[in-house]
Structures are given as C-alpha cells and as structure tokens.
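Trainee: Here you go, this is structure.pdb (PDB, C-alpha atoms).
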```pdb
ATOM      1  CA  MET A1478      78.584 110.810  87.191
ATOM      2  CA  ARG A1479      82.273 110.094  87.085
ATOM      3  CA  VAL A1480      84.705 111.846  89.386
ATOM      4  CA  ARG A1481      88.467 111.699  89.480
ATOM      5  CA  ILE A1482      90.420 112.094  92.699
ATOM      6  CA  LEU A1483      94.144 112.705  92.716
ATOM      7  CA  VAL A1484      96.001 111.861  95.927
ATOM      8  CA  SER A1485      99.614 112.910  96.420
ATOM      9  CA  PHE A1486     102.060 113.475  99.240
ATOM     10  CA  LYS A1487     102.048 116.817 100.992
ATOM     11  CA  GLU A1488     104.977 119.073 100.128
ATOM     12  CA  SER A1489     106.370 118.546 103.640
ATOM     13  CA  VAL A1490     106.617 114.781 103.078
ATOM     14  CA  LEU A1491     109.590 113.316 101.253
ATOM     15  CA  ASP A1492     108.472 111.206  98.294
ATOM     16  CA  PRO A1493     111.277 108.674  97.718
ATOM     17  CA  GLN A1494     109.455 107.045  94.783
ATOM     18  CA  GLY A1495     109.086 110.389  93.034
ATOM     19  CA  GLN A1496     112.773 111.084  93.664
ATOM     20  CA  THR A1497     113.745 107.752  92.121
ATOM     21  CA  VAL A1498     111.630 108.440  89.033
ATOM     22  CA  LYS A1499     113.188 111.898  88.786
ATOM     23  CA  ASN A1500     116.692 110.424  88.911
ATOM     24  CA  ALA A1501     115.792 107.973  86.153
ATOM     25  CA  LEU A1502     114.481 110.814  83.972
ATOM     26  CA  LEU A1503     117.666 112.814  84.568
ATOM     27  CA  THR A1504     119.772 109.776  83.685
ATOM     28  CA  LEU A1505     117.851 109.497  80.411
ATOM     29  CA  GLY A1506     118.854 113.048  79.551
ATOM     30  CA  TYR A1507     115.689 114.923  80.527
ATOM     31  CA  GLY A1508     117.793 117.414  82.428
ATOM     32  CA  PHE A1509     114.997 119.974  82.658
ATOM     33  CA  VAL A1510     112.983 117.813  85.094
ATOM     34  CA  ARG A1511     113.238 119.653  88.367
ATOM     35  CA  ASP A1512     110.940 117.586  90.536
ATOM     36  CA  VAL A1513     108.659 114.556  90.395
ATOM     37  CA  ARG A1514     105.852 113.779  92.806
ATOM     38  CA  GLN A1515     104.157 110.408  92.560
ATOM     39  CA  GLY A1516     100.500 109.997  93.477
ATOM     40  CA  LYS A1517      97.406 107.867  93.074
ATOM     41  CA  VAL A1518      94.406 108.368  90.827
ATOM     42  CA  PHE A1519      90.927 107.128  91.710
ATOM     43  CA  GLU A1520      87.997 107.246  89.309
ATOM     44  CA  LEU A1521      84.629 106.782  90.964
ATOM     45  CA  VAL A1522      81.370 106.171  89.123
ATOM     46  CA  LEU A1523      78.549 107.628  91.199
ATOM     47  CA  ASP A1524      74.911 106.722  90.892
ATOM     48  CA  GLY A1525      71.761 108.337  92.283
ATOM     49  CA  ILE A1526      73.489 111.405  93.592
ATOM     50  CA  SER A1527      73.150 115.051  92.530
ATOM     51  CA  GLU A1528      76.101 117.257  91.711
ATOM     52  CA  PRO A1529      75.727 119.392  94.879
ATOM     53  CA  GLU A1530      75.613 116.206  96.950
ATOM     54  CA  ALA A1531      78.704 114.929  95.162
ATOM     55  CA  ARG A1532      80.502 118.192  95.923
ATOM     56  CA  ARG A1533      79.846 117.597  99.596
ATOM     57  CA  ILE A1534      80.430 113.844  99.785
ATOM     58  CA  VAL A1535      83.415 113.256  97.489
ATOM     59  CA  PRO A1536      85.811 115.404  99.561
ATOM     60  CA  GLU A1537      84.448 113.697 102.673
ATOM     61  CA  LEU A1538      85.191 110.188 101.442
ATOM     62  CA  ALA A1539      88.534 111.245  99.994
ATOM     63  CA  HIS A1540      89.522 112.691 103.358
ATOM     64  CA  LYS A1541      88.234 109.693 105.300
ATOM     65  CA  VAL A1542      89.412 106.826 103.109
ATOM     66  CA  LEU A1543      91.333 107.590  99.908
ATOM     67  CA  ALA A1544      93.942 109.893 101.432
ATOM     68  CA  ASN A1545      95.688 109.782 104.772
ATOM     69  CA  PRO A1546      95.520 113.469 105.772
ATOM     70  CA  ILE A1547      98.653 113.169 107.892
ATOM     71  CA  ILE A1548     100.843 112.611 104.824
ATOM     72  CA  GLU A1549      98.641 113.155 101.783
ATOM     73  CA  LYS A1550      96.543 115.810 100.094
ATOM     74  CA  PHE A1551      94.008 115.445  97.317
ATOM     75  CA  THR A1552      92.300 117.319  94.513
ATOM     76  CA  TRP A1553      89.224 116.129  92.679
ATOM     77  CA  GLU A1554      87.037 116.962  89.707
ATOM     78  CA  ILE A1555      83.864 115.873  87.996
ATOM     79  CA  LEU A1556      84.926 114.547  84.612
ATOM     80  CA  GLU A1557      83.806 117.106  82.051
ATOM     81  CA  ASP A1558      82.701 114.710  79.315
ATOM     82  CA  GLU A1559      80.255 113.225  81.806
ATOM     83  CA  LYS A1560      79.035 116.575  82.986
ATOM     84  CA  LYS A1561      77.654 117.504  79.553
ATOM     85  CA  VAL A1562      75.518 114.378  79.280
TER
ATOM     86  CA  MET B1365      95.931  86.662 130.797
ATOM     87  CA  LYS B1366      93.606  86.046 127.880
ATOM     88  CA  PHE B1367      94.932  87.152 124.495
ATOM     89  CA  GLY B1368      92.997  87.622 121.268
ATOM     90  CA  VAL B1369      94.934  87.562 117.991
ATOM     91  CA  VAL B1370      92.999  89.286 115.210
ATOM     92  CA  ILE B1371      92.943  87.715 111.758
ATOM     93  CA  PHE B1372      92.384  89.920 108.719
ATOM     94  CA  PRO B1373      92.440  88.589 105.175
ATOM     95  CA  GLY B1374      96.158  88.747 104.436
ATOM     96  CA  SER B1375      97.428  88.459 108.011
ATOM     97  CA  ASN B1376     100.396  86.101 107.962
ATOM     98  CA  CYS B1377     101.931  86.332 111.436
ATOM     99  CA  ASP B1378      98.701  85.397 113.205
ATOM    100  CA  HIS B1379      99.712  81.793 113.852
ATOM    101  CA  ASP B1380     103.265  82.747 114.878
ATOM    102  CA  THR B1381     101.843  85.185 117.389
ATOM    103  CA  TYR B1382      99.300  82.653 118.613
ATOM    104  CA  TYR B1383     102.107  80.107 119.047
ATOM    105  CA  ALA B1384     104.308  82.534 120.975
ATOM    106  CA  LEU B1385     101.500  83.445 123.357
ATOM    107  CA  ARG B1386      99.997  80.005 123.841
ATOM    108  CA  ASP B1387     102.944  77.626 123.570
ATOM    109  CA  VAL B1388     105.857  79.775 124.713
ATOM    110  CA  LEU B1389     104.127  82.052 127.233
ATOM    111  CA  HIS B1390     101.467  79.468 128.201
ATOM    112  CA  GLN B1391      98.647  81.995 128.074
ATOM    113  CA  GLU B1392      95.053  81.420 127.075
ATOM    114  CA  THR B1393      94.924  82.652 123.471
ATOM    115  CA  ILE B1394      92.137  82.782 120.921
ATOM    116  CA  PHE B1395      91.808  83.998 117.352
ATOM    117  CA  LEU B1396      89.412  86.844 116.618
ATOM    118  CA  TRP B1397      87.945  87.159 113.115
ATOM    119  CA  HIS B1398      87.914  90.649 111.629
ATOM    120  CA  LYS B1399      84.215  90.432 110.761
ATOM    121  CA  ASP B1400      83.151  89.579 114.305
ATOM    122  CA  HIS B1401      81.698  92.122 116.688
ATOM    123  CA  ASP B1402      82.772  90.548 119.966
ATOM    124  CA  LEU B1403      86.185  90.524 121.646
ATOM    125  CA  ARG B1404      85.058  87.489 123.680
ATOM    126  CA  GLY B1405      86.421  88.682 126.974
ATOM    127  CA  VAL B1406      90.095  88.998 126.066
ATOM    128  CA  ASP B1407      92.402  91.084 128.270
ATOM    129  CA  CYS B1408      94.725  91.995 125.415
ATOM    130  CA  VAL B1409      94.104  92.361 121.689
ATOM    131  CA  VAL B1410      97.066  91.653 119.402
ATOM    132  CA  LEU B1411      97.013  92.888 115.810
ATOM    133  CA  PRO B1412      99.531  90.661 114.042
ATOM    134  CA  GLY B1413     101.839  91.280 111.117
ATOM    135  CA  GLY B1414     101.026  90.567 107.513
ATOM    136  CA  PHE B1415      99.459  92.335 104.583
ATOM    137  CA  SER B1416      95.863  92.910 105.563
ATOM    138  CA  TYR B1417      93.789  93.365 102.399
ATOM    139  CA  GLY B1418      96.967  93.035 100.361
ATOM    140  CA  ASP B1419      98.123  96.453 101.594
ATOM    141  CA  TYR B1420      95.716  97.903  99.013
ATOM    142  CA  LEU B1421      95.260 101.670  99.189
ATOM    143  CA  ARG B1422      97.754 102.008 102.079
ATOM    144  CA  SER B1423      99.090  99.524 104.607
ATOM    145  CA  GLY B1424      96.404  99.034 107.229
ATOM    146  CA  ALA B1425      93.977 101.452 105.580
ATOM    147  CA  ILE B1426      91.214  98.952 104.819
ATOM    148  CA  ALA B1427      91.611  96.791 107.916
ATOM    149  CA  ARG B1428      90.828  99.866 109.930
ATOM    150  CA  PHE B1429      87.194  99.685 108.783
ATOM    151  CA  SER B1430      86.668  96.055 109.832
ATOM    152  CA  PRO B1431      83.726  95.555 112.194
ATOM    153  CA  LEU B1432      86.028  94.112 114.856
ATOM    154  CA  MET B1433      88.258  97.187 114.737
ATOM    155  CA  GLN B1434      85.360  99.344 115.913
ATOM    156  CA  GLU B1435      85.204  97.060 118.968
ATOM    157  CA  VAL B1436      88.968  97.335 119.380
ATOM    158  CA  ARG B1437      88.714 101.117 119.302
ATOM    159  CA  GLU B1438      86.097 101.112 122.076
ATOM    160  CA  PHE B1439      88.134  98.538 124.010
ATOM    161  CA  ALA B1440      91.204 100.789 123.808
ATOM    162  CA  ASP B1441      89.139 103.834 124.779
ATOM    163  CA  ARG B1442      88.087 101.942 127.924
ATOM    164  CA  GLY B1443      91.756 101.290 128.734
ATOM    165  CA  GLY B1444      91.986  97.806 127.184
ATOM    166  CA  VAL B1445      95.488  96.662 126.241
ATOM    167  CA  VAL B1446      96.270  96.570 122.514
ATOM    168  CA  LEU B1447      99.524  95.524 120.858
ATOM    169  CA  GLY B1448     100.031  96.121 117.136
ATOM    170  CA  ILE B1449     102.951  94.386 115.452
ATOM    171  CA  CYS B1450     104.176  95.515 112.027
ATOM    172  CA  ASN B1451     100.996  95.605 109.916
ATOM    173  CA  GLY B1452      99.153  95.799 113.246
ATOM    174  CA  PHE B1453     101.078  98.998 114.012
ATOM    175  CA  GLN B1454     100.084 100.365 110.603
ATOM    176  CA  VAL B1455      96.438  99.572 111.350
ATOM    177  CA  LEU B1456      96.665 101.398 114.706
ATOM    178  CA  LEU B1457      98.064 104.472 112.931
ATOM    179  CA  GLU B1458      95.322 104.414 110.304
ATOM    180  CA  LEU B1459      92.736 103.959 113.030
ATOM    181  CA  GLY B1460      94.137 106.964 114.869
ATOM    182  CA  LEU B1461      94.825 105.085 118.097
ATOM    183  CA  LEU B1462      98.455 106.118 117.661
ATOM    184  CA  PRO B1463      99.712 109.363 116.087
ATOM    185  CA  GLY B1464     101.524 109.575 112.737
ATOM    186  CA  ALA B1465     101.667 107.535 109.546
ATOM    187  CA  MET B1466     103.967 105.154 107.689
ATOM    188  CA  LEU B1467     105.858 105.923 104.507
ATOM    189  CA  ARG B1468     107.752 103.558 102.239
ATOM    190  CA  ASN B1469     111.218 102.625 103.571
ATOM    191  CA  LYS B1470     113.784 105.277 102.670
ATOM    192  CA  ASN B1471     115.716 102.897 100.375
ATOM    193  CA  LEU B1472     112.479 101.707  98.718
ATOM    194  CA  LYS B1473     113.305  98.122  99.598
ATOM    195  CA  PHE B1474     111.442  95.505 101.559
ATOM    196  CA  LEU B1475     113.609  95.035 104.650
ATOM    197  CA  CYS B1476     113.834  91.618 106.276
ATOM    198  CA  GLN B1477     116.631  91.558 108.832
ATOM    199  CA  TYR B1478     117.539  91.705 112.496
ATOM    200  CA  VAL B1479     117.694  95.142 114.078
ATOM    201  CA  HIS B1480     118.814  96.372 117.479
ATOM    202  CA  LEU B1481     116.287  98.227 119.577
ATOM    203  CA  ARG B1482     116.942 100.486 122.509
ATOM    204  CA  VAL B1483     114.189 100.599 125.112
ATOM    205  CA  ASP B1484     113.660 104.301 125.668
ATOM    206  CA  ASN B1485     110.717 103.858 127.995
ATOM    207  CA  ALA B1486     111.008 100.867 130.312
ATOM    208  CA  ALA B1487     108.171 102.000 132.543
ATOM    209  CA  THR B1488     105.356 100.784 130.282
ATOM    210  CA  ARG B1489     103.286  97.652 130.791
ATOM    211  CA  PHE B1490     104.946  96.306 127.622
ATOM    212  CA  THR B1491     108.538  96.839 128.736
ATOM    213  CA  ARG B1492     108.698  96.710 132.528
ATOM    214  CA  ARG B1493     110.391  93.287 132.619
ATOM    215  CA  ILE B1494     113.177  94.337 130.279
ATOM    216  CA  PRO B1495     116.435  94.801 132.211
ATOM    217  CA  ARG B1496     117.741  98.372 132.200
ATOM    218  CA  GLY B1497     120.145  99.099 129.361
ATOM    219  CA  ARG B1498     119.323  95.855 127.575
ATOM    220  CA  LEU B1499     119.262  96.147 123.784
ATOM    221  CA  LEU B1500     116.760  93.919 122.016
ATOM    222  CA  ARG B1501     117.691  92.016 118.886
ATOM    223  CA  ILE B1502     114.454  91.441 116.989
ATOM    224  CA  PRO B1503     113.744  91.014 113.271
ATOM    225  CA  ILE B1504     111.828  93.418 111.055
ATOM    226  CA  ALA B1505     110.064  92.523 107.792
ATOM    227  CA  HIS B1506     108.316  95.419 106.123
ATOM    228  CA  PHE B1507     108.078  97.737 103.130
ATOM    229  CA  ASP B1508     106.307 100.625 104.837
ATOM    230  CA  GLY B1509     108.006 101.207 108.169
ATOM    231  CA  ASN B1510     109.360 104.699 107.658
ATOM    232  CA  TYR B1511     107.560 106.437 110.492
ATOM    233  CA  PHE B1512     106.372 109.979 109.858
ATOM    234  CA  ALA B1513     104.659 112.565 112.030
ATOM    235  CA  PRO B1514     104.416 116.341 111.704
ATOM    236  CA  ALA B1515     107.106 118.229 113.664
ATOM    237  CA  GLY B1516     104.711 119.320 116.400
ATOM    238  CA  THR B1517     103.441 115.787 116.931
ATOM    239  CA  LEU B1518     106.991 114.421 117.045
ATOM    240  CA  LYS B1519     107.913 116.933 119.697
ATOM    241  CA  GLU B1520     104.920 115.934 121.776
ATOM    242  CA  ILE B1521     105.660 112.206 121.366
ATOM    243  CA  GLU B1522     109.272 112.671 122.454
ATOM    244  CA  ALA B1523     108.416 114.949 125.370
ATOM    245  CA  GLY B1524     105.761 112.545 126.606
ATOM    246  CA  GLY B1525     108.088 109.522 126.619
ATOM    247  CA  GLN B1526     105.882 107.841 124.018
ATOM    248  CA  VAL B1527     108.861 106.500 122.055
ATOM    249  CA  VAL B1528     109.280 103.034 123.520
ATOM    250  CA  PHE B1529     111.706 101.466 121.010
ATOM    251  CA  ARG B1530     114.301 103.134 118.808
ATOM    252  CA  TYR B1531     116.497 101.653 116.071
ATOM    253  CA  VAL B1532     120.129 101.713 117.256
ATOM    254  CA  ASP B1533     123.418 100.051 116.379
ATOM    255  CA  GLU B1534     124.875  97.208 118.445
ATOM    256  CA  LYS B1535     126.384  99.765 120.826
ATOM    257  CA  GLY B1536     123.030 101.380 121.463
ATOM    258  CA  GLU B1537     123.740 104.504 119.424
ATOM    259  CA  ALA B1538     120.899 105.911 117.325
ATOM    260  CA  THR B1539     122.952 106.362 114.134
ATOM    261  CA  GLU B1540     121.591 107.092 110.692
ATOM    262  CA  ALA B1541     122.874 103.745 109.416
ATOM    263  CA  ALA B1542     121.046 101.886 112.186
ATOM    264  CA  ASN B1543     117.801 103.634 111.290
ATOM    265  CA  VAL B1544     117.319 101.255 108.387
ATOM    266  CA  ASN B1545     113.913 102.411 107.184
ATOM    267  CA  GLY B1546     114.435 106.141 107.720
ATOM    268  CA  SER B1547     111.887 106.601 110.501
ATOM    269  CA  ALA B1548     111.554 110.045 112.058
ATOM    270  CA  GLY B1549     113.670 109.993 115.203
ATOM    271  CA  GLY B1550     114.524 106.346 114.531
ATOM    272  CA  ILE B1551     111.175 105.423 116.060
ATOM    273  CA  ALA B1552     110.502 101.677 116.004
ATOM    274  CA  GLY B1553     107.793 101.468 118.638
ATOM    275  CA  LEU B1554     105.309 103.960 119.987
ATOM    276  CA  ILE B1555     102.826 103.999 122.872
ATOM    277  CA  ASN B1556      99.734 106.151 123.333
ATOM    278  CA  LYS B1557      99.535 108.753 126.091
ATOM    279  CA  ARG B1558      97.408 106.550 128.289
ATOM    280  CA  GLY B1559      99.929 103.712 128.033
ATOM    281  CA  ASN B1560      97.577 100.920 126.933
ATOM    282  CA  VAL B1561      98.202 100.857 123.159
ATOM    283  CA  LEU B1562     101.620  99.980 121.717
ATOM    284  CA  GLY B1563     102.602  99.712 118.072
ATOM    285  CA  MET B1564     105.955  98.371 116.911
ATOM    286  CA  MET B1565     107.421  97.454 113.528
ATOM    287  CA  PRO B1566     109.796  94.675 114.739
ATOM    288  CA  HIS B1567     108.334  91.216 115.320
ATOM    289  CA  PRO B1568     108.692  90.065 118.955
ATOM    290  CA  GLU B1569     106.902  86.793 118.158
ATOM    291  CA  ARG B1570     109.736  85.914 115.777
ATOM    292  CA  ALA B1571     112.202  86.325 118.632
ATOM    293  CA  SER B1572     110.411  84.396 121.341
ATOM    294  CA  GLU B1573     112.521  81.231 121.550
ATOM    295  CA  ALA B1574     116.262  80.438 121.367
ATOM    296  CA  LEU B1575     115.512  78.114 118.460
ATOM    297  CA  LEU B1576     114.342  81.092 116.427
ATOM    298  CA  GLY B1577     117.627  82.936 116.911
ATOM    299  CA  SER B1578     116.622  85.370 119.632
ATOM    300  CA  GLU B1579     114.540  85.356 122.787
ATOM    301  CA  ASP B1580     114.491  89.114 123.208
ATOM    302  CA  GLY B1581     110.948  89.550 121.928
ATOM    303  CA  ARG B1582     109.644  87.320 124.686
ATOM    304  CA  LEU B1583     110.567  90.014 127.219
ATOM    305  CA  ILE B1584     107.796  92.179 125.778
ATOM    306  CA  PHE B1585     105.176  89.438 126.160
ATOM    307  CA  GLU B1586     106.506  88.593 129.644
ATOM    308  CA  SER B1587     106.166  92.228 130.645
ATOM    309  CA  LEU B1588     102.514  92.084 129.629
ATOM    310  CA  VAL B1589     101.808  88.817 131.379
ATOM    311  CA  HIS B1590     103.608  89.469 134.659
ATOM    312  CA  GLN B1591     102.241  92.824 135.700
TER
END
```
Turn the structure described in the file into structure tokens.

Mentor:
Amino acid sequence: MRVRILVSFKESVLDPQGQTVKNALLTLGYGFVRDVRQGKVFELVLDGISEPEARRIVPELAHKVLANPIIEKFTWEILEDEKKV
Amino acid sequence: MKFGVVIFPGSNCDHDTYYALRDVLHQETIFLWHKDHDLRGVDCVVLPGGFSYGDYLRSGAIARFSPLMQEVREFADRGGVVLGICNGFQVLLELGLLPGAMLRNKNLKFLCQYVHLRVDNAATRFTRRIPRGRLLRIPIAHFDGNYFAPAGTLKEIEAGGQVVFRYVDEKGEATEAANVNGSAGGIAGLINKRGNVLGMMPHPERASEALLGSEDGRLIFESLVHQ
C-alpha cells in the first residue's frame, strides 16, 4: 500500500519560502496568485498492514515524526491506483 | 564538573565545544556517542552545534530519536543540567525539553555573524557569573534560528523569566534590525521552568578566548562551573 502525506505550515505560521515563491510568480506576471504555501510530500510504501491499521498508524507517525505539530499540519491519503489492486 | 559533549552524525562544533570545556575551562570532558545508552556519570550534557543527520526532515528532528537522547531526556527529568547550542537547541525543541520550534531565518539566508545578546535572566545556573548589564558579543551560524511559539506559550515563557538571552543592538535595545533571524520576541536563548535545561542559538564556545575575537561566551561556561 502506498500512502502520501502532505505536511505544510499552519495558517498561523508565516511561511517566508512560500512568500518568496509568490513574489517570483507575481514578478513573472501571474498576477492572480494570491498566496503560496510551501510544504513537504512524503510517499510511504507500507507492507504487511491492513487498511484500517494504516488509518490508525499513518496519522500517528505523521504527528510524531513527519510533522512538527507546533508549526505544521498534515493531510494524508492512500494512493487510489494502489487501492484498486 | 564533568561534561559530556554529544556527537551526532553531522555535528561539527563538537570538538570546539570539547576544547572550550577541557582546555579553556580546564574541566573533565568526554565525548558521548549518539548510539550509546550511558551518560557515563557526567554532570552536564552539552548538545553541540552542527547539522545532525544533515538537517534532514527538520533541524534536530532525527537526532531526537537517538538512543542517547532518551537517556538525556531522563537525565533532564531528574534535574540533570543540559546545554543545547545551535543545532543542540533545535534538538531540545524537537525533543520537547524546551517549548516552541524553529523556522527558517526571516531573510531566508544562512546567518554567520556576531550578534549582541542581552541577559534577561541572570539568576540561572548558566548566567549567574555574568556581570549585571553586560551585553554578550557572541557569533551565530544558522539557517533555522527564527524562534516560534504559539502566543499563549510565548506569554508563559516571558512571564516565567524563561527568556535568558535576547538579540539586541550594541546599546542593548531589542530593535527589529538587531533581531537578525526574526525570532519571536527576539529570543536567542531559552531555559525550561525548572532551570536545568538551556538552549541558545549563539555559539559560546566560539567566543571562549580572546584569540577567537570574544571571550563573552566563556562567562556562560564559568557560570556553570563555579556554582
């Protein structure tokens, strides 16, 4: 099973890298870009674990390791193409 | 006093710190390997600067899970003295021994320069030998030193006198320009409530001898040694 976890800064945290990317996009003429938030993507390949177990454990490990809950939040999903197999 | 300097893969101020403690302060000092499980009877654990695990994931995030760090956590819980410098501070934040987290510097640049620090709490075991009103001139060298904590936590830290060092200008004023990395409240160094764990971004070991350009950092080590 493959899962994808997306970690990004909480809204309350200033994201200077996202701001810099936004400014570059504006400079290039993409004036409709209102905001940019930069984050990190993790793709995990899981073995020997059921989907219900994954639904319990993936948020746990994301909270404990992949994201720092003081400044970051995360979303995650089981990759659909894998799910059908 | 017996010091233990922890080495992680990627630590690069471990030998500087060892030198400052052993050769400048004349204290018994040993290295502690991150995979060990024994603090070997040290009185103070020092987490040195560097880029533990290449700063992968987040600064200090992987080092936090080292076997030795579980010992350090228990040591700190028992009241043991822990000093985290730069990357060591980041590890202490990730470990939860100190509140808050580090963000990238506000100007997105690696900053390597001298800063002025005001000692806002001179009653700690890390600062008690620093003369009142004395500003410290100590270098910083970091990418992720922009201290962040939620508003409620910041309030608690300030009210509890946990801010030990603050970035100021040469007159001692906490101006925006002097707060080079954009830290909340200009916080450069932070102590836990119990007063036995200190984290600081500036490098006192790099300011421990006149030959290095400043001796101000030595005052922090001297405070520790001469209780």

Trainee: Report as a list in words the set of chain A residues whose atoms approach chain B to within 12 Å, with distances computed over all atoms listed in the file.

Mentor: Val1484, Phe1486, Lys1487, Glu1488, Ser1489, Val1490, Leu1491, Asp1492, Pro1493, Gln1494, Gly1495, Gln1496, Thr1497, Val1498, Gly1516, Lys1517, Val1518, Phe1519, Ala1539, Lys1541, Val1542, Leu1543, Ala1544, Asn1545, Pro1546, Ile1547, Ile1548 and Glu1549 of chain A

Trainee: What does the distance from CA of Arg1493 (chain B) to CA of Gly1559 (chain B) come to in Å, to one decimal?

Mentor: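 Straight-line distance from CA of Arg1493 (chain B) to CA of Gly1559 (chain B) works out to 15.5 Å.
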
Trainee: What does the distance from CA of Lys1366 (chain B) to CA of Ser1587 (chain B) come to in Å, to one decimal?

Mentor: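 Straight-line distance from CA of Lys1366 (chain B) to CA of Ser1587 (chain B) works out to 14.3 Å.
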
Trainee: Give as a PyMOL selection string the residues that the PyMOL selection byres ((chain A and resi 1482) around 7) matches when applied to the coordinates above.

Mentor: chain A and resi 1480-1481+1483-1484+1518-1520+1551-1554

Trainee: With distances taken over all atoms listed in the file, which of B:Cys1450, B:Met1564, B:Ala1505, B:Leu1396 is nearest to Lys1473 (chain B)?

Mentor: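 Closest to Lys1473 (chain B) of all the choices is B:Ala1505.
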
Trainee: How many Å lie between CA of Val1527 (chain B) and CA of Ile1555 (chain B), rounded to one decimal?

Mentor: 6.6 Å

Trainee: Within 6 Å of (107.0, 98.5, 101.3) (coordinates as in the file), grab all the protein and nucleic acid residues, counting all atoms listed in the file, and write them out as a list in words.

Mentor: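 Here the neighbourhood of the point contains Arg1468, Phe1474, His1506, Phe1507 and Asp1508 of chain B.
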
Trainee: Please put the answer as lines of an AutoDock Vina configuration file: centre and edge lengths, in Å with one decimal, of a box along x, y and z that encloses all listed atoms of region 1539-1548 of chain A plus 8 Å on each side.

Mentor:
```
center_x = 94.5
center_y = 110.1
center_z = 103.9
size_x = 28.6
size_y = 22.6
size_z = 24.0
```

Trainee: From the set A:Pro1529, A:Ser1485, A:Val1522, A:Val1513, which residue has the shortest atom-to-atom contact distance to Leu1556 (chain A), counting all atoms listed in the file?

Mentor: A:Val1522

Trainee: Give as a short mmCIF file (atom, residue, chain, number, x, y, z; two decimals) with C-alpha atoms, keeping the file's coordinate frame the residues that the PyMOL selection byres ((chain B and resi 1551) around 7) matches when applied to the coordinates above.

Mentor:
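Wrote it out as part-v2.cif, contents follow:
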```cif
data_model
loop_
_atom_site.label_atom_id
_atom_site.label_comp_id
_atom_site.auth_asym_id
_atom_site.auth_seq_id
_atom_site.Cartn_x
_atom_site.Cartn_y
_atom_site.Cartn_z
CA TYR B 1511 107.56 106.44 110.49
CA VAL B 1527 108.86 106.50 122.06
CA PHE B 1529 111.71 101.47 121.01
CA ARG B 1530 114.30 103.13 118.81
CA TYR B 1531 116.50 101.65 116.07
CA SER B 1547 111.89 106.60 110.50
CA ALA B 1548 111.55 110.04 112.06
CA GLY B 1549 113.67 109.99 115.20
CA GLY B 1550 114.52 106.35 114.53
CA ALA B 1552 110.50 101.68 116.00
CA GLY B 1553 107.79 101.47 118.64
#
```

Trainee: Evaluate the PyMOL selection byres ((chain B and resi 1439) around 12) here and jot the selected residues down as a VMD selection string.

Mentor: chain B and resid 1401 to 1409 1432 to 1438 1440 to 1446 1461 1560 to 1561
